[in-house]
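Pasted below: entry.cif, mmCIF, C-alpha atoms.
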data_protein
loop_
_atom_site.group_PDB
_atom_site.id
_atom_site.type_symbol
_atom_site.label_atom_id
_atom_site.label_comp_id
_atom_site.auth_asym_id
_atom_site.auth_seq_id
_atom_site.Cartn_x
_atom_site.Cartn_y
_atom_site.Cartn_z
ATOM 1 C CA MET A 1 0.000 0.000 0.000
ATOM 2 C CA LEU A 2 1.033 3.610 -0.657
ATOM 3 C CA LYS A 3 -1.313 5.125 1.887
ATOM 4 C CA GLU A 4 0.220 8.602 1.833
ATOM 5 C CA THR A 5 -0.909 9.027 -1.765
ATOM 6 C CA GLY A 6 -3.997 6.815 -1.693
ATOM 7 C CA GLY A 7 -2.438 4.310 -4.068
ATOM 8 C CA ALA A 8 -1.835 0.573 -3.886
ATOM 9 C CA ILE A 9 0.372 -2.055 -5.505
ATOM 10 C CA SER A 10 -1.108 -5.436 -6.359
ATOM 11 C CA SER A 11 0.662 -8.684 -5.537
ATOM 12 C CA THR A 12 -0.723 -10.344 -8.667
ATOM 13 C CA VAL A 13 -1.761 -9.431 -12.216
ATOM 14 C CA ALA A 14 -4.285 -11.707 -13.897
ATOM 15 C CA PRO A 15 -3.874 -12.210 -17.657
ATOM 16 C CA SER A 16 -6.190 -10.058 -19.741
ATOM 17 C CA ASP A 17 -7.445 -10.386 -23.296
ATOM 18 C CA THR A 18 -4.890 -9.427 -25.960
ATOM 19 C CA SER A 19 -6.850 -10.406 -29.058
ATOM 20 C CA THR A 20 -7.225 -6.786 -30.222
ATOM 21 C CA SER A 21 -3.705 -5.744 -29.215
ATOM 22 C CA ILE A 22 -0.169 -6.200 -30.530
ATOM 23 C CA VAL A 23 1.838 -8.272 -28.050
ATOM 24 C CA VAL A 24 5.598 -7.680 -28.171
ATOM 25 C CA ALA A 25 8.500 -9.029 -26.135
ATOM 26 C CA VAL A 26 10.811 -6.016 -26.102
ATOM 27 C CA ALA A 27 14.556 -6.505 -25.675
ATOM 28 C CA PRO A 28 16.043 -3.956 -23.228
ATOM 29 C CA GLN A 29 18.595 -2.849 -25.811
ATOM 30 C CA PRO A 30 19.275 -0.740 -27.770
ATOM 31 C CA GLN A 31 18.309 2.193 -25.579
ATOM 32 C CA LEU A 32 17.690 5.691 -26.903
ATOM 33 C CA ASP A 33 20.454 7.570 -28.647
ATOM 34 C CA LEU A 34 20.151 11.335 -28.286
ATOM 35 C CA GLY A 35 21.954 14.312 -29.779
ATOM 36 C CA THR A 36 20.827 13.934 -33.395
ATOM 37 C CA CYS A 37 19.316 17.440 -33.408
ATOM 38 C CA GLU A 38 19.886 20.564 -31.325
ATOM 39 C CA VAL A 39 16.928 21.252 -29.047
ATOM 40 C CA GLU A 40 16.262 24.566 -27.289
ATOM 41 C CA LEU A 41 14.672 24.311 -23.820
ATOM 42 C CA HIS A 42 12.340 26.993 -22.462
ATOM 43 C CA HIS A 43 12.130 26.232 -18.746
ATOM 44 C CA ASP A 44 9.307 27.154 -16.329
ATOM 45 C CA VAL A 45 7.078 28.976 -18.805
ATOM 46 C CA GLY A 46 3.980 30.117 -16.897
ATOM 47 C CA TYR A 47 0.780 29.286 -18.708
ATOM 48 C CA ALA A 48 -2.104 29.652 -16.217
ATOM 49 C CA ALA A 49 -2.800 30.773 -12.647
ATOM 50 C CA PRO A 50 -5.998 29.115 -11.401
ATOM 51 C CA THR A 51 -7.535 29.816 -8.000
ATOM 52 C CA LEU A 52 -7.357 26.975 -5.473
ATOM 53 C CA PRO A 53 -10.183 26.055 -3.061
ATOM 54 C CA ASP A 54 -8.483 28.052 -0.289
ATOM 55 C CA GLY A 55 -8.582 31.194 -2.429
ATOM 56 C CA THR A 56 -4.879 31.310 -3.272
ATOM 57 C CA THR A 57 -3.516 31.547 -6.791
ATOM 58 C CA TYR A 58 -1.494 28.633 -8.094
ATOM 59 C CA GLN A 59 1.017 29.206 -10.882
ATOM 60 C CA LEU A 60 1.155 26.468 -13.487
ATOM 61 C CA ALA A 61 4.211 26.176 -15.703
ATOM 62 C CA MET A 62 5.595 24.081 -18.543
ATOM 63 C CA ASP A 63 8.955 23.172 -20.033
ATOM 64 C CA VAL A 64 8.987 23.587 -23.811
ATOM 65 C CA GLN A 65 11.511 21.847 -26.057
ATOM 66 C CA VAL A 66 11.900 23.262 -29.570
ATOM 67 C CA PRO A 67 14.061 21.491 -32.164
ATOM 68 C CA ARG A 68 16.304 23.894 -34.056
ATOM 69 C CA SER A 69 15.204 23.103 -37.578
ATOM 70 C CA PRO A 70 13.354 25.192 -40.154
ATOM 71 C CA GLY A 71 9.579 25.472 -40.450
ATOM 72 C CA ARG A 72 6.652 25.163 -38.090
ATOM 73 C CA LYS A 73 6.395 21.911 -36.226
ATOM 74 C CA PRO A 74 3.660 19.735 -34.720
ATOM 75 C CA LEU A 75 3.118 20.139 -30.991
ATOM 76 C CA VAL A 76 3.120 17.279 -28.485
ATOM 77 C CA VAL A 77 1.852 18.127 -24.994
ATOM 78 C CA TYR A 78 3.269 15.707 -22.439
ATOM 79 C CA VAL A 79 1.313 15.010 -19.226
ATOM 80 C CA THR A 80 3.391 13.282 -16.560
ATOM 81 C CA GLY A 81 2.110 10.688 -14.109
ATOM 82 C CA GLY A 82 2.073 10.804 -10.327
ATOM 83 C CA GLY A 83 -1.040 9.067 -9.035
ATOM 84 C CA PHE A 84 -3.051 12.322 -9.274
ATOM 85 C CA PHE A 85 -0.858 13.495 -6.375
ATOM 86 C CA LEU A 86 2.347 14.591 -8.108
ATOM 87 C CA HIS A 87 2.974 16.527 -11.314
ATOM 88 C CA ALA A 88 6.729 16.700 -11.883
ATOM 89 C CA LYS A 89 7.050 18.185 -15.366
ATOM 90 C CA ALA A 90 10.793 17.400 -15.272
ATOM 91 C CA ASN A 91 10.022 13.676 -15.618
ATOM 92 C CA ALA A 92 10.901 11.608 -18.701
ATOM 93 C CA LEU A 93 13.386 14.135 -20.095
ATOM 94 C CA PRO A 94 15.258 11.613 -22.301
ATOM 95 C CA LEU A 95 11.985 10.325 -23.756
ATOM 96 C CA ARG A 96 10.708 13.842 -24.397
ATOM 97 C CA THR A 97 14.029 14.849 -25.931
ATOM 98 C CA PHE A 98 13.906 11.894 -28.315
ATOM 99 C CA VAL A 99 10.492 13.039 -29.561
ATOM 100 C CA ALA A 100 11.672 16.641 -29.868
ATOM 101 C CA GLU A 101 14.719 15.555 -31.875
ATOM 102 C CA ALA A 102 12.320 13.726 -34.205
ATOM 103 C CA GLY A 103 10.875 17.109 -35.200
ATOM 104 C CA PHE A 104 8.178 17.948 -32.643
ATOM 105 C CA VAL A 105 7.809 20.805 -30.192
ATOM 106 C CA VAL A 106 7.319 19.020 -26.857
ATOM 107 C CA ALA A 107 5.767 20.788 -23.858
ATOM 108 C CA SER A 108 5.745 19.045 -20.469
ATOM 109 C CA ILE A 109 3.158 20.612 -18.180
ATOM 110 C CA ASP A 110 2.294 21.070 -14.528
ATOM 111 C CA TYR A 111 -1.340 20.488 -13.595
ATOM 112 C CA ARG A 112 -3.398 20.609 -10.415
ATOM 113 C CA THR A 113 -3.622 17.434 -8.357
ATOM 114 C CA ILE A 114 -5.150 16.177 -5.106
ATOM 115 C CA GLY A 115 -2.455 18.044 -3.217
ATOM 116 C CA GLU A 116 -3.858 21.328 -4.533
ATOM 117 C CA GLY A 117 -7.434 20.306 -3.748
ATOM 118 C CA ALA A 118 -8.149 19.498 -7.379
ATOM 119 C CA THR A 119 -10.480 16.974 -8.957
ATOM 120 C CA PHE A 120 -10.449 15.459 -12.428
ATOM 121 C CA ALA A 121 -12.225 18.419 -14.047
ATOM 122 C CA ASP A 122 -9.466 20.752 -12.837
ATOM 123 C CA GLY A 123 -6.774 18.543 -14.326
ATOM 124 C CA VAL A 124 -8.525 18.454 -17.695
ATOM 125 C CA ALA A 125 -9.026 22.239 -17.535
ATOM 126 C CA ASP A 126 -5.281 22.652 -17.016
ATOM 127 C CA VAL A 127 -4.447 20.518 -20.056
ATOM 128 C CA ARG A 128 -6.885 22.600 -22.101
ATOM 129 C CA ALA A 129 -5.298 25.815 -20.797
ATOM 130 C CA ALA A 130 -1.817 24.592 -21.722
ATOM 131 C CA ILE A 131 -2.857 23.769 -25.281
ATOM 132 C CA ARG A 132 -4.649 27.096 -25.607
ATOM 133 C CA PHE A 133 -1.554 28.966 -24.370
ATOM 134 C CA LEU A 134 0.709 27.174 -26.821
ATOM 135 C CA ARG A 135 -1.633 27.743 -29.732
ATOM 136 C CA ASP A 136 -1.857 31.433 -28.808
ATOM 137 C CA ASN A 137 1.949 31.605 -28.689
ATOM 138 C CA ALA A 138 2.601 29.403 -31.704
ATOM 139 C CA ASP A 139 4.793 32.002 -33.398
ATOM 140 C CA GLU A 140 7.202 32.169 -30.451
ATOM 141 C CA TYR A 141 7.795 28.416 -30.380
ATOM 142 C CA GLY A 142 7.486 27.627 -34.096
ATOM 143 C CA ILE A 143 4.340 25.549 -33.622
ATOM 144 C CA ASP A 144 1.784 24.605 -36.245
ATOM 145 C CA PRO A 145 -1.330 25.185 -34.087
ATOM 146 C CA ALA A 146 -3.448 22.877 -36.227
ATOM 147 C CA ARG A 147 -1.178 19.881 -35.539
ATOM 148 C CA VAL A 148 -1.433 19.067 -31.834
ATOM 149 C CA ALA A 149 -1.118 15.716 -30.054
ATOM 150 C CA LEU A 150 -1.313 14.625 -26.414
ATOM 151 C CA TRP A 151 0.966 12.120 -24.706
ATOM 152 C CA GLY A 152 0.367 11.039 -21.131
ATOM 153 C CA GLU A 153 1.683 8.406 -18.730
ATOM 154 C CA SER A 154 -0.228 6.742 -15.881
ATOM 155 C CA ALA A 155 -2.378 9.479 -14.276
ATOM 156 C CA GLY A 156 -1.227 11.680 -17.145
ATOM 157 C CA GLY A 157 -2.508 9.047 -19.569
ATOM 158 C CA TYR A 158 -5.941 9.514 -18.040
ATOM 159 C CA LEU A 159 -5.773 13.292 -18.462
ATOM 160 C CA ALA A 160 -4.478 12.936 -22.023
ATOM 161 C CA ALA A 161 -7.334 10.569 -22.900
ATOM 162 C CA MET A 162 -9.990 12.725 -21.236
ATOM 163 C CA SER A 163 -8.651 15.886 -22.842
ATOM 164 C CA GLY A 164 -8.256 14.274 -26.245
ATOM 165 C CA LEU A 165 -11.799 12.934 -26.183
ATOM 166 C CA THR A 166 -13.398 16.184 -25.009
ATOM 167 C CA LEU A 167 -11.284 19.069 -26.344
ATOM 168 C CA GLY A 168 -13.268 20.902 -28.993
ATOM 169 C CA ARG A 169 -15.929 18.169 -28.865
ATOM 170 C CA HIS A 170 -17.640 17.883 -25.467
ATOM 171 C CA SER A 171 -18.228 20.110 -22.453
ATOM 172 C CA LEU A 172 -16.795 18.846 -19.176
ATOM 173 C CA ALA A 173 -17.179 21.779 -16.794
ATOM 174 C CA GLY A 174 -19.541 24.163 -18.541
ATOM 175 C CA GLU A 175 -16.993 25.460 -21.066
ATOM 176 C CA ASP A 176 -17.934 26.017 -24.706
ATOM 177 C CA PRO A 177 -16.535 23.073 -26.718
ATOM 178 C CA ALA A 178 -16.291 25.316 -29.790
ATOM 179 C CA ALA A 179 -13.778 27.545 -27.987
ATOM 180 C CA ASP A 180 -10.971 25.052 -28.728
ATOM 181 C CA GLU A 181 -9.926 22.930 -31.673
ATOM 182 C CA PRO A 182 -9.667 19.151 -31.198
ATOM 183 C CA VAL A 183 -6.287 17.464 -31.009
ATOM 184 C CA ARG A 184 -5.124 15.178 -33.786
ATOM 185 C CA ALA A 185 -3.795 12.224 -31.800
ATOM 186 C CA VAL A 186 -3.395 10.802 -28.287
ATOM 187 C CA ILE A 187 -0.725 8.519 -26.810
ATOM 188 C CA ASP A 188 -1.872 6.835 -23.587
ATOM 189 C CA LYS A 189 0.948 4.984 -21.828
ATOM 190 C CA PHE A 190 -0.394 2.681 -19.091
ATOM 191 C CA GLY A 191 -3.048 5.250 -18.198
ATOM 192 C CA VAL A 192 -6.109 5.054 -16.003
ATOM 193 C CA GLY A 193 -9.350 4.698 -17.972
ATOM 194 C CA ASP A 194 -12.649 3.942 -16.307
ATOM 195 C CA PHE A 195 -11.847 4.369 -12.603
ATOM 196 C CA ALA A 196 -13.853 1.221 -11.872
ATOM 197 C CA ALA A 197 -11.425 -0.812 -13.999
ATOM 198 C CA LEU A 198 -8.104 0.398 -12.560
ATOM 199 C CA ALA A 199 -7.757 -2.708 -10.361
ATOM 200 C CA ALA A 200 -9.700 -5.137 -12.558
ATOM 201 C CA ASP A 201 -6.746 -7.533 -12.948
ATOM 202 C CA PHE A 202 -5.481 -7.225 -9.374
ATOM 203 C CA ASP A 203 -5.739 -9.129 -6.101
ATOM 204 C CA GLU A 204 -8.833 -8.859 -3.917
ATOM 205 C CA ALA A 205 -7.292 -6.476 -1.365
ATOM 206 C CA THR A 206 -6.219 -4.017 -4.056
ATOM 207 C CA ARG A 207 -9.629 -4.124 -5.728
ATOM 208 C CA ALA A 208 -11.278 -3.436 -2.352
ATOM 209 C CA HIS A 209 -8.939 -0.506 -1.701
ATOM 210 C CA TYR A 210 -9.828 1.207 -4.964
ATOM 211 C CA ALA A 211 -13.542 0.604 -4.421
ATOM 212 C CA GLY A 212 -13.424 2.495 -1.104
ATOM 213 C CA PRO A 213 -13.365 6.191 -0.121
ATOM 214 C CA ASP A 214 -9.662 6.405 0.793
ATOM 215 C CA SER A 215 -8.000 5.882 -2.579
ATOM 216 C CA ASN A 216 -6.539 8.486 -4.893
ATOM 217 C CA LEU A 217 -9.326 7.661 -7.350
ATOM 218 C CA ALA A 218 -12.051 8.565 -4.857
ATOM 219 C CA TRP A 219 -10.187 11.734 -3.874
ATOM 220 C CA TYR A 220 -9.701 12.821 -7.498
ATOM 221 C CA LEU A 221 -13.374 12.239 -8.207
ATOM 222 C CA HIS A 222 -14.953 13.864 -5.158
ATOM 223 C CA GLY A 223 -12.247 15.664 -3.186
ATOM 224 C CA ARG A 224 -10.020 14.248 -0.473
ATOM 225 C CA ASP A 225 -12.348 14.880 2.468
ATOM 226 C CA SER A 226 -15.614 13.835 0.824
ATOM 227 C CA GLY A 227 -15.751 10.368 2.409
ATOM 228 C CA ARG A 228 -17.321 9.051 -0.802
ATOM 229 C CA SER A 229 -16.233 6.077 -2.854
ATOM 230 C CA PRO A 230 -16.155 6.097 -6.684
ATOM 231 C CA ALA A 231 -19.510 4.257 -6.714
ATOM 232 C CA ASP A 232 -21.276 6.724 -4.403
ATOM 233 C CA ASP A 233 -21.949 9.259 -7.171
ATOM 234 C CA PRO A 234 -22.610 7.514 -10.503
ATOM 235 C CA ALA A 235 -23.220 10.804 -12.349
ATOM 236 C CA THR A 236 -19.799 12.170 -11.379
ATOM 237 C CA ALA A 237 -18.137 8.833 -12.120
ATOM 238 C CA ALA A 238 -19.695 8.886 -15.601
ATOM 239 C CA ARG A 239 -18.552 12.457 -16.213
ATOM 240 C CA ALA A 240 -15.008 11.451 -15.207
ATOM 241 C CA ASN A 241 -15.007 8.336 -17.392
ATOM 242 C CA PRO A 242 -13.270 8.626 -20.794
ATOM 243 C CA HIS A 243 -15.664 5.971 -22.148
ATOM 244 C CA THR A 244 -18.509 8.499 -21.841
ATOM 245 C CA TYR A 245 -16.989 10.599 -24.632
ATOM 246 C CA VAL A 246 -16.019 7.854 -27.069
ATOM 247 C CA ASP A 247 -17.521 8.097 -30.542
ATOM 248 C CA ALA A 248 -16.463 7.706 -34.167
ATOM 249 C CA GLY A 249 -15.110 11.265 -34.213
ATOM 250 C CA ALA A 250 -12.510 10.607 -31.517
ATOM 251 C CA PRO A 251 -8.878 11.305 -32.449
ATOM 252 C CA PRO A 252 -6.594 8.342 -33.179
ATOM 253 C CA PHE A 253 -5.189 6.676 -30.056
ATOM 254 C CA LEU A 254 -2.018 4.721 -29.359
ATOM 255 C CA PHE A 255 -2.034 2.713 -26.116
ATOM 256 C CA LEU A 256 0.963 1.044 -24.481
ATOM 257 C CA HIS A 257 0.807 -1.186 -21.398
ATOM 258 C CA GLY A 258 3.003 -3.758 -19.678
ATOM 259 C CA SER A 259 1.538 -7.201 -19.055
ATOM 260 C CA ALA A 260 3.060 -7.190 -15.536
ATOM 261 C CA ASP A 261 1.877 -3.744 -14.458
ATOM 262 C CA THR A 262 1.004 -3.913 -10.742
ATOM 263 C CA VAL A 263 -0.028 -0.245 -10.416
ATOM 264 C CA ILE A 264 -2.661 0.118 -13.161
ATOM 265 C CA SER A 265 -4.403 -2.949 -14.560
ATOM 266 C CA PRO A 266 -3.675 -3.727 -18.201
ATOM 267 C CA SER A 267 -7.470 -3.923 -18.592
ATOM 268 C CA ALA A 268 -7.646 -0.169 -17.949
ATOM 269 C CA THR A 269 -6.240 0.643 -21.378
ATOM 270 C CA LEU A 270 -7.707 -2.465 -23.009
ATOM 271 C CA LEU A 271 -11.304 -1.453 -22.284
ATOM 272 C CA LEU A 272 -10.862 2.061 -23.649
ATOM 273 C CA HIS A 273 -9.026 0.733 -26.705
ATOM 274 C CA ASN A 274 -11.848 -1.709 -27.417
ATOM 275 C CA ALA A 275 -14.496 0.986 -26.887
ATOM 276 C CA LEU A 276 -12.800 3.232 -29.437
ATOM 277 C CA ARG A 277 -12.563 0.428 -31.969
ATOM 278 C CA ALA A 278 -16.196 -0.518 -31.424
ATOM 279 C CA ALA A 279 -17.228 3.091 -32.067
ATOM 280 C CA GLY A 280 -15.318 3.180 -35.354
ATOM 281 C CA ALA A 281 -12.394 5.303 -34.141
ATOM 282 C CA GLU A 282 -8.736 4.580 -34.861
ATOM 283 C CA SER A 283 -6.929 2.821 -32.006
ATOM 284 C CA THR A 284 -3.766 0.716 -31.712
ATOM 285 C CA ARG A 285 -2.604 -0.986 -28.508
ATOM 286 C CA PHE A 286 0.778 -2.529 -27.740
ATOM 287 C CA VAL A 287 1.272 -4.897 -24.801
ATOM 288 C CA LEU A 288 4.878 -5.283 -23.659
ATOM 289 C CA THR A 289 5.378 -8.798 -22.311
ATOM 290 C CA GLY A 290 6.704 -8.777 -18.752
ATOM 291 C CA ALA A 291 6.964 -4.979 -18.555
ATOM 292 C CA SER A 292 5.836 -3.212 -15.403
ATOM 293 C CA HIS A 293 4.769 0.364 -14.617
ATOM 294 C CA GLY A 294 7.776 2.256 -15.939
ATOM 295 C CA ASP A 295 10.785 2.719 -13.665
ATOM 296 C CA LEU A 296 9.083 3.700 -10.401
ATOM 297 C CA PRO A 297 11.637 3.324 -7.554
ATOM 298 C CA PHE A 298 9.139 1.845 -5.093
ATOM 299 C CA LEU A 299 8.553 -1.135 -7.376
ATOM 300 C CA ASP A 300 12.128 -2.250 -6.621
ATOM 301 C CA LEU A 301 12.745 -3.334 -10.206
ATOM 302 C CA PRO A 302 16.192 -1.996 -11.189
ATOM 303 C CA ASP A 303 15.634 -2.713 -14.888
ATOM 304 C CA GLY A 304 11.877 -2.102 -14.809
ATOM 305 C CA GLY A 305 11.958 0.925 -17.064
ATOM 306 C CA LEU A 306 14.320 -0.348 -19.743
ATOM 307 C CA ALA A 307 11.583 -1.607 -22.071
ATOM 308 C CA TRP A 308 9.974 1.822 -22.086
ATOM 309 C CA SER A 309 13.118 3.704 -23.122
ATOM 310 C CA THR A 310 14.226 1.541 -26.035
ATOM 311 C CA ARG A 311 14.517 2.851 -29.568
ATOM 312 C CA GLU A 312 11.921 0.258 -30.587
ATOM 313 C CA VAL A 313 9.169 1.412 -28.229
ATOM 314 C CA MET A 314 9.903 5.123 -28.635
ATOM 315 C CA GLY A 315 9.978 4.548 -32.381
ATOM 316 C CA TRP A 316 6.360 3.353 -32.242
ATOM 317 C CA LYS A 317 5.391 6.663 -30.658
ATOM 318 C CA VAL A 318 7.263 8.779 -33.177
ATOM 319 C CA ASP A 319 5.840 6.792 -36.103
ATOM 320 C CA PHE A 320 2.321 7.255 -34.700
ATOM 321 C CA LEU A 321 2.814 10.993 -34.229
ATOM 322 C CA ARG A 322 4.209 11.398 -37.737
ATOM 323 C CA ALA A 323 1.275 9.492 -39.209
ATOM 324 C CA TRP A 324 -1.450 11.494 -37.468
ATOM 325 C CA THR A 325 -0.163 15.044 -36.861
#
Encoded form using structure tokens:
Amino acid sequence: MLKETGGAISSTVAPSDTSTSIVVAVAPQPQLDLGTCEVELHHDVGYAAPTLPDGTTYQLAMDVQVPRSPGRKPLVVYVTGGGFFLHAKANALPLRTFVAEAGFVVASIDYRTIGEGATFADGVADVRAAIRFLRDNADEYGIDPARVALWGESAGGYLAAMSGLTLGRHSLAGEDPAADEPVRAVIDKFGVGDFAALAADFDEATRAHYAGPDSNLAWYLHGRDSGRSPADDPATAARANPHTYVDAGAPPFLFLHGSADTVISPSATLLLHNALRAAGAESTRFVLTGASHGDLPFLDLPDGGLAWSTREVMGWKVDFLRAWT
């Protein structure tokens, strides 16, 4: 258990259906090679200052990587993970740099989490605000504002999926959907989908934890002190569920998940992938045999992140972005 952040680690992972996915056993080498293109880093760029529940203003910032090559470039907004409790935009720098060197402007963003008293709608609003800021400042960063993609990991995968499915298409918190243009593509790396499915492949104790009122899922739905479980308010749970917004007009998705992920069930991405395909949207899902939840230190897997930072796996992402942006 990770009680301080409302999370849990399962002792087991039941096999899930892979019939609609591409199953790959990824060798840990070769790892990424960087330095093929000069990249300029704009650090701590403020993009929004929302008001927190206690009335204070909270400055949100992003790190923007711009490859030094001619012409306007597609934009990839990266949303880091952190169990809806952390939002370290400095994460995954080598992975982000690899994508930037491939010819994309890459912006890694802060967003409000449980620690700031936020719920899911606030996180999605922050992703929207970041994209709006970058589109408004496209000239400064050499961005083609019509070519925007989202890439999120873990909790960030949830926010990328929710934002990709709603931006310019559906209202989440009373905003006018027409105020923003949709994104062109979404990469969801072992992200949360339907909150009810996060622990679907896990042991009984972990499933019970996530069904109760003291998990990060319940806190991100209702607020930390609500005392409510995810099932206590079906209307809110539906509004927070990416499946609610799936239709044939959804942007193309690329999902990636490890078969041995003990933090977020492989079924979490599988169900959303299958829902998109059933609706007639474009979706591809890779399952990495034996891979876990990235390189999180508390998993005590010294080589746990190697599959995720290989040229092969990162090449899938770049190929997907080039095809759809």
Inset, instruction - For A:Ser171, please output as a list in words all residues within 12 Å (counting only C-alpha atoms; exclusion window: fewer than 5 positions along the same chain). - result: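 The residues satisfying every condition are Ala121, Val124, Ala125, Arg128, Met162, Ser163, Leu165, Thr166, Asp176, Pro177, Ala178, Ala179, Asp180, Arg239, Ala240, Thr244 and Tyr245 of chain A.
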Restrict the selected residues to C-alpha atoms and save them as a PDB file, in the frame of the given file.
ATOM      1  CA  ALA A 121     -12.225  18.419 -14.047  1.00  0.00           C
ATOM      2  CA  VAL A 124      -8.525  18.454 -17.695  1.00  0.00           C
ATOM      3  CA  ALA A 125      -9.026  22.239 -17.535  1.00  0.00           C
ATOM      4  CA  ARG A 128      -6.885  22.600 -22.101  1.00  0.00           C
ATOM      5  CA  MET A 162      -9.990  12.725 -21.236  1.00  0.00           C
ATOM      6  CA  SER A 163      -8.651  15.886 -22.842  1.00  0.00           C
ATOM      7  CA  LEU A 165     -11.799  12.934 -26.183  1.00  0.00           C
ATOM      8  CA  THR A 166     -13.398  16.184 -25.009  1.00  0.00           C
ATOM      9  CA  ASP A 176     -17.934  26.017 -24.706  1.00  0.00           C
ATOM     10  CA  PRO A 177     -16.535  23.073 -26.718  1.00  0.00           C
ATOM     11  CA  ALA A 178     -16.291  25.316 -29.790  1.00  0.00           C
ATOM     12  CA  ALA A 179     -13.778  27.545 -27.987  1.00  0.00           C
ATOM     13  CA  ASP A 180     -10.971  25.052 -28.728  1.00  0.00           C
ATOM     14  CA  ARG A 239     -18.552  12.457 -16.213  1.00  0.00           C
ATOM     15  CA  ALA A 240     -15.008  11.451 -15.207  1.00  0.00           C
ATOM     16  CA  THR A 244     -18.509   8.499 -21.841  1.00  0.00           C
ATOM     17  CA  TYR A 245     -16.989  10.599 -24.632  1.00  0.00           C
TER      18      TYR A 245
END
Inset, instruction - Can you work out which one of A:Ala281, A:Ala211, A:Val148, A:Ala118 has the shortest atom-to-atom distance to A:Leu198, counting only C-alpha atoms? - result: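 Ranked by minimum distance to A:Leu198, first place goes to A:Ala211.
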Taking all atoms of stretch 57-72 of chain A that the file lists and extending 3 Å past them on each side, where is the centre of the axis-aligned box and how long are its edges? Answer in Å to one decimal, as lines of an AutoDock Vina configuration file.
center_x = 6.4
center_y = 26.5
center_z = -23.6
size_x = 25.8
size_y = 16.1
size_z = 39.7
Legend entry - Reference answer for the PyMOL selection byres ((chain A and resi 88-95) around 8), as an NGL selection string: :A and (32 or 34 or 62-63 or 79-82 or 86-87 or 96-99 or 108-110 or 309 or 314)
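Put simply, atom CA of A:Gly156 is 9.2 Å away from atom CA of A:Phe190.
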Inset, instruction - Report the residues retrieved by the PyMOL selection byres ((chain A and resi 225-229) around 10) from the displayed file, expressed as a list of chain:residue names. - result: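 What the PyMOL selection byres ((chain A and resi 225-229) around 10) grabs from the file is A:Gly117, A:His209, A:Tyr210, A:Ala211, A:Gly212, A:Pro213, A:Asp214, A:Ser215, A:Leu217, A:Ala218, A:Trp219, A:Leu221, A:His222, A:Gly223, A:Arg224, A:Pro230, A:Ala231, A:Asp232, A:Asp233, A:Ala237.
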Legend entry - Atom pair atom CA of A:Ser283 / atom CA of A:Asp203: separation (Å): 28.6 Å
Legend entry - Which residue of A:Val105, A:Leu134, A:Ala278, A:Ala200 approaches A:Val45 most closely, using only C-alpha atoms: A:Leu134
Inset, instruction - Kindly indicate which residue among A:Gly103, A:Gly115, A:Pro266, A:Pro234 lies nearest to A:Asp188, using only C-alpha atoms for the distances. - result: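 Among A:Gly103, A:Gly115, A:Pro266, A:Pro234, it is A:Pro266 that comes nearest to A:Asp188.
Selection result for the displayed file, with the PyMOL selection byres ((chain A and resi 12) around 9) as criterion, is A:Ile9, A:Ser10, A:Ser11, A:Val13, A:Ala14, A:Asp201, A:Phe202, A:Asp203, A:Ala260, A:Thr262.
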Inset, instruction - Would you please work out which residue, of A:Ala155, A:Ile187, A:Val64, A:Val39, is nearest to A:Val318 when using only C-alpha atoms? - result: A:Ile187
Inset, instruction - Choose the residue, out of A:Ala205, A:Ala161, A:Leu288, A:Leu150, that has the smallest atom-to-atom separation from A:Ala25; count only C-alpha atoms. - result: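 Smallest distance to A:Ala25 is found for A:Leu288.
Minimum distance to A:Pro145 across A:Thr325, A:Asp54, A:His243, A:Leu256 (counting all atoms listed in the file) occurs at A:Thr325.
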Cut-off 9 Å: closest stretch 1-47 of chain A/stretch 268-275 of chain A atom pairs per residue, using all atoms listed in the file, as JSON lines:
{"residue": "A:Ser16", "atom": "CA", "partner": "A:Leu270", "partner_atom": "CA", "distance": 8.4}
{"residue": "A:Asp17", "atom": "CA", "partner": "A:Leu270", "partner_atom": "CA", "distance": 7.9}
{"residue": "A:Thr18", "atom": "CA", "partner": "A:Leu270", "partner_atom": "CA", "distance": 8.1}
{"residue": "A:Thr20", "atom": "CA", "partner": "A:Asn274", "partner_atom": "CA", "distance": 7.4}
{"residue": "A:Ser21", "atom": "CA", "partner": "A:Leu270", "partner_atom": "CA", "distance": 8.1}
Inset, instruction - Could you jot down the atom CA of A:Glu140 to atom CA of A:His170 separation for me, Å, one decimal place? - result: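 That distance, rounded to one decimal, is 29.1 Å.
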